[in-house]
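Working notes, beginning with the structure itself.
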Amino acid sequence: MTRVGRVRAATGAGWRSFVRRRTAVFFTFFFPVILIAIFGALVQTDPTGGGLFTEPAAYYVPGYLAVVVLFTPLSRMGSEVARHREGNRFEKLATTPLTRAEWLLAQTVVNAAIIGLASLLILALVVVMTGAEIAFSPLLVPYVLVGVVAFCGVGAMLGSYTDSQDGAVAASNAIGLPLLFLSETFVSLEQLPGWFEPLVNLSPLTYFARGVRAATYPEADVAGIAGVDPALSNLAVLTVVAVVAFALGARSIPRTD
């Protein structure tokens with residue numbers, strides 16, 4: 001079997017495994033809907049007032065997308081790797097030609113398909129429920145895909161180094177929650193202490209949020225490389241992070257050959 005054939009077979013198995021878990025399917029799509037309903041439709045934005053949501057509704061689109069681009073790969077990949085470790089499934093995979101990188105690539109493709117569908121739902125709901133005026137840029141597609149690759153790599157590392165599925169899920173939540181709110185998603189940099197800015201710049205999600213905001217909300221003042229379109233420069237940084245994270249994630253998967 002060729003490499004493409006191996007990845008295709010592993011992708012099909014991963015997809016069937018996901019759709020059989022009805023609870024996972026439900027919460028993958030239901031959680032961001034609840035978030036949009038609470039923050040977007042009930043709390044709403046107040047550009048002329050004070051508080052957390054002081055920007056127009058379109059400003060927070062990267063935050064809503066980040067919910068699935070960040071949490072789904074972290075929790076799914078972390079628990080999947082941990083589950084394979086506990087069930088000695090990597091030992092069984094070692095008897096096949098499938099490599100660790102190919103297995104991770106197949107799982108990443110499954111996550112990309114799931115998150116792509118969830119992102120379409122989120123964008124539609126944001127427009128309908130909040131009235132956000134979004135510029136639908138073609139750069140949204142590579143941002144979602146590259147973001148999934150980056151956080152699948154991180155999720156694979158969490159699943160490899162934690163001691164159980166519960167530990168992997170707990171670690172993904174412990175990492176994901178601070179990143180979600182401290183990466184220029186829902187909280188702007190101006191609302192944070194000045195000393196915290198270098199830490200914001202260390203978060204991969206920051207470059208996802210900046211780039212998506214530049215692509216969907218051109219009126220926003222988005223940081224980037226001087227002289228380069230912010231949407232493109234942040235995508236370049238996120239791509240480098242994704243390549244490194246994927247390589248480290250594949251390397252961290254238990255070696256059984």
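Each chain of the structure tokens is named A, B, ... in the order shown, its residues numbered from 1; ligands are numbered from 1 in display order.
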Using only C-alpha atoms, determine which residues lie at most 9 Å from range 204-213 of chain A, disregarding the query and same-chain residues fewer than 5 positions distant; provide the list as a ChimeraX atom specification. /A:58-63,65-66,70,137,139-140,143-144,146-147,150-151,179-180,182-185,218,220,222-224,230-235,237-238,241-242
Long-range neighbours of Val7 in chain A as a VMD selection string, 12 Å cut-off, only C-alpha atoms, 6 positions minimum in chain: chain A and resid 1 13 to 14 97 to 110
Which residue out of A:Pro193, A:Pro198, A:Pro142, A:Pro254 has the minimum interatomic distance to Ala236 in chain A when only C-alpha atoms are used?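 Nearest candidate to Ala236 in chain A out of A:Pro193, A:Pro198, A:Pro142, A:Pro254: A:Pro142.
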Phe246 in chain A surroundings by only C-alpha atoms, 8 Å radius, close-in-sequence under 6 positions cut, as a list in words: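 Returned residues: Val149, Ala150, Cys152, Gly153 and Val154 of chain A.
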Between CA of Asn173 in chain A and CA of Thr130 in chain A - distance in Å to one decimal: 26.9 Å
What's the 9 Å shell around Ile115 in chain A, counting only C-alpha atoms, without same-chain residues fewer than 6 positions away, as a list in words?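 Those residues are Thr28, Phe29, Val68, Val69, Thr72, Pro73, Val144, Leu145 and Val148 of chain A.
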Mind checking which residues fall within 8 Å of Gly155 in chain A, counting only C-alpha atoms, ignoring those fewer than 6 positions away in the same chain, and posting them as a PDB file with N, CA, C and O atoms, in the first residue's frame?
ATOM      1  N   PRO A  73      -8.897  20.071  18.558  1.00  0.00           N
ATOM      2  CA  PRO A  73      -7.659  19.294  18.373  1.00  0.00           C
ATOM      3  C   PRO A  73      -6.972  18.939  19.689  1.00  0.00           C
ATOM      4  O   PRO A  73      -6.483  17.810  19.847  1.00  0.00           O
ATOM      5  N   LEU A  74      -6.932  19.880  20.624  1.00  0.00           N
ATOM      6  CA  LEU A  74      -6.245  19.597  21.889  1.00  0.00           C
ATOM      7  C   LEU A  74      -6.905  18.428  22.613  1.00  0.00           C
ATOM      8  O   LEU A  74      -6.239  17.477  23.030  1.00  0.00           O
ATOM      9  N   SER A  75      -8.225  18.495  22.776  1.00  0.00           N
ATOM     10  CA  SER A  75      -8.902  17.454  23.544  1.00  0.00           C
ATOM     11  C   SER A  75      -8.999  16.144  22.777  1.00  0.00           C
ATOM     12  O   SER A  75      -8.751  15.064  23.325  1.00  0.00           O
ATOM     13  N   ARG A  76      -9.341  16.213  21.472  1.00  0.00           N
ATOM     14  CA  ARG A  76      -9.502  14.989  20.697  1.00  0.00           C
ATOM     15  C   ARG A  76      -8.160  14.288  20.494  1.00  0.00           C
ATOM     16  O   ARG A  76      -8.058  13.075  20.669  1.00  0.00           O
ATOM     17  N   MET A  77      -7.133  15.023  20.114  1.00  0.00           N
ATOM     18  CA  MET A  77      -5.839  14.386  19.874  1.00  0.00           C
ATOM     19  C   MET A  77      -5.220  13.913  21.178  1.00  0.00           C
ATOM     20  O   MET A  77      -4.625  12.829  21.246  1.00  0.00           O
ATOM     21  N   GLY A  78      -5.350  14.730  22.228  1.00  0.00           N
ATOM     22  CA  GLY A  78      -4.791  14.321  23.503  1.00  0.00           C
ATOM     23  C   GLY A  78      -5.418  13.031  23.998  1.00  0.00           C
ATOM     24  O   GLY A  78      -4.715  12.086  24.388  1.00  0.00           O
ATOM     25  N   SER A 172      -5.408  19.618  28.408  1.00  0.00           N
ATOM     26  CA  SER A 172      -5.876  20.416  27.272  1.00  0.00           C
ATOM     27  C   SER A 172      -6.742  21.583  27.739  1.00  0.00           C
ATOM     28  O   SER A 172      -6.642  22.695  27.204  1.00  0.00           O
ATOM     29  N   GLY A 249       4.942  16.709  17.621  1.00  0.00           N
ATOM     30  CA  GLY A 249       3.851  15.821  17.981  1.00  0.00           C
ATOM     31  C   GLY A 249       4.067  14.417  17.446  1.00  0.00           C
ATOM     32  O   GLY A 249       3.853  13.422  18.154  1.00  0.00           O
TER      33      GLY A 249
END
Go ahead and compute the interatomic distance for CA of Val25 in chain A and CA of Gly5 in chain A, in Å to one decimal.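 Separation between CA of Val25 in chain A and CA of Gly5 in chain A: 26.2 Å.
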Nearest to Ala171 in chain A by atom-to-atom distance, counting only C-alpha atoms, from A:Phe186, A:Tyr64, A:Phe71, A:Phe90: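 Nearest to Ala171 in chain A: A:Phe71.
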From A:Ala250, A:Ala214, A:Val228, A:Val240, residue lying nearest Ile134 in chain A [only C-alpha atoms]: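 Comparing A:Ala250, A:Ala214, A:Val228, A:Val240 against Ile134 in chain A, the winner is A:Ala214.
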Quick check for you: according to DSSP on this backbone, which residues of range 12-185 of chain A are classed as alpha helix (DSSP H)? Reply as a PyMOL selection string. chain A and resi 12-19+22-35+61-86+89-93+100-130+140-161+165-181
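Restricting the calculation to only C-alpha atoms, the smallest distance between Gly131 in chain A and any of A:Gln191, A:Ala57, A:Ile175, A:Val200 is found for A:Ala57.
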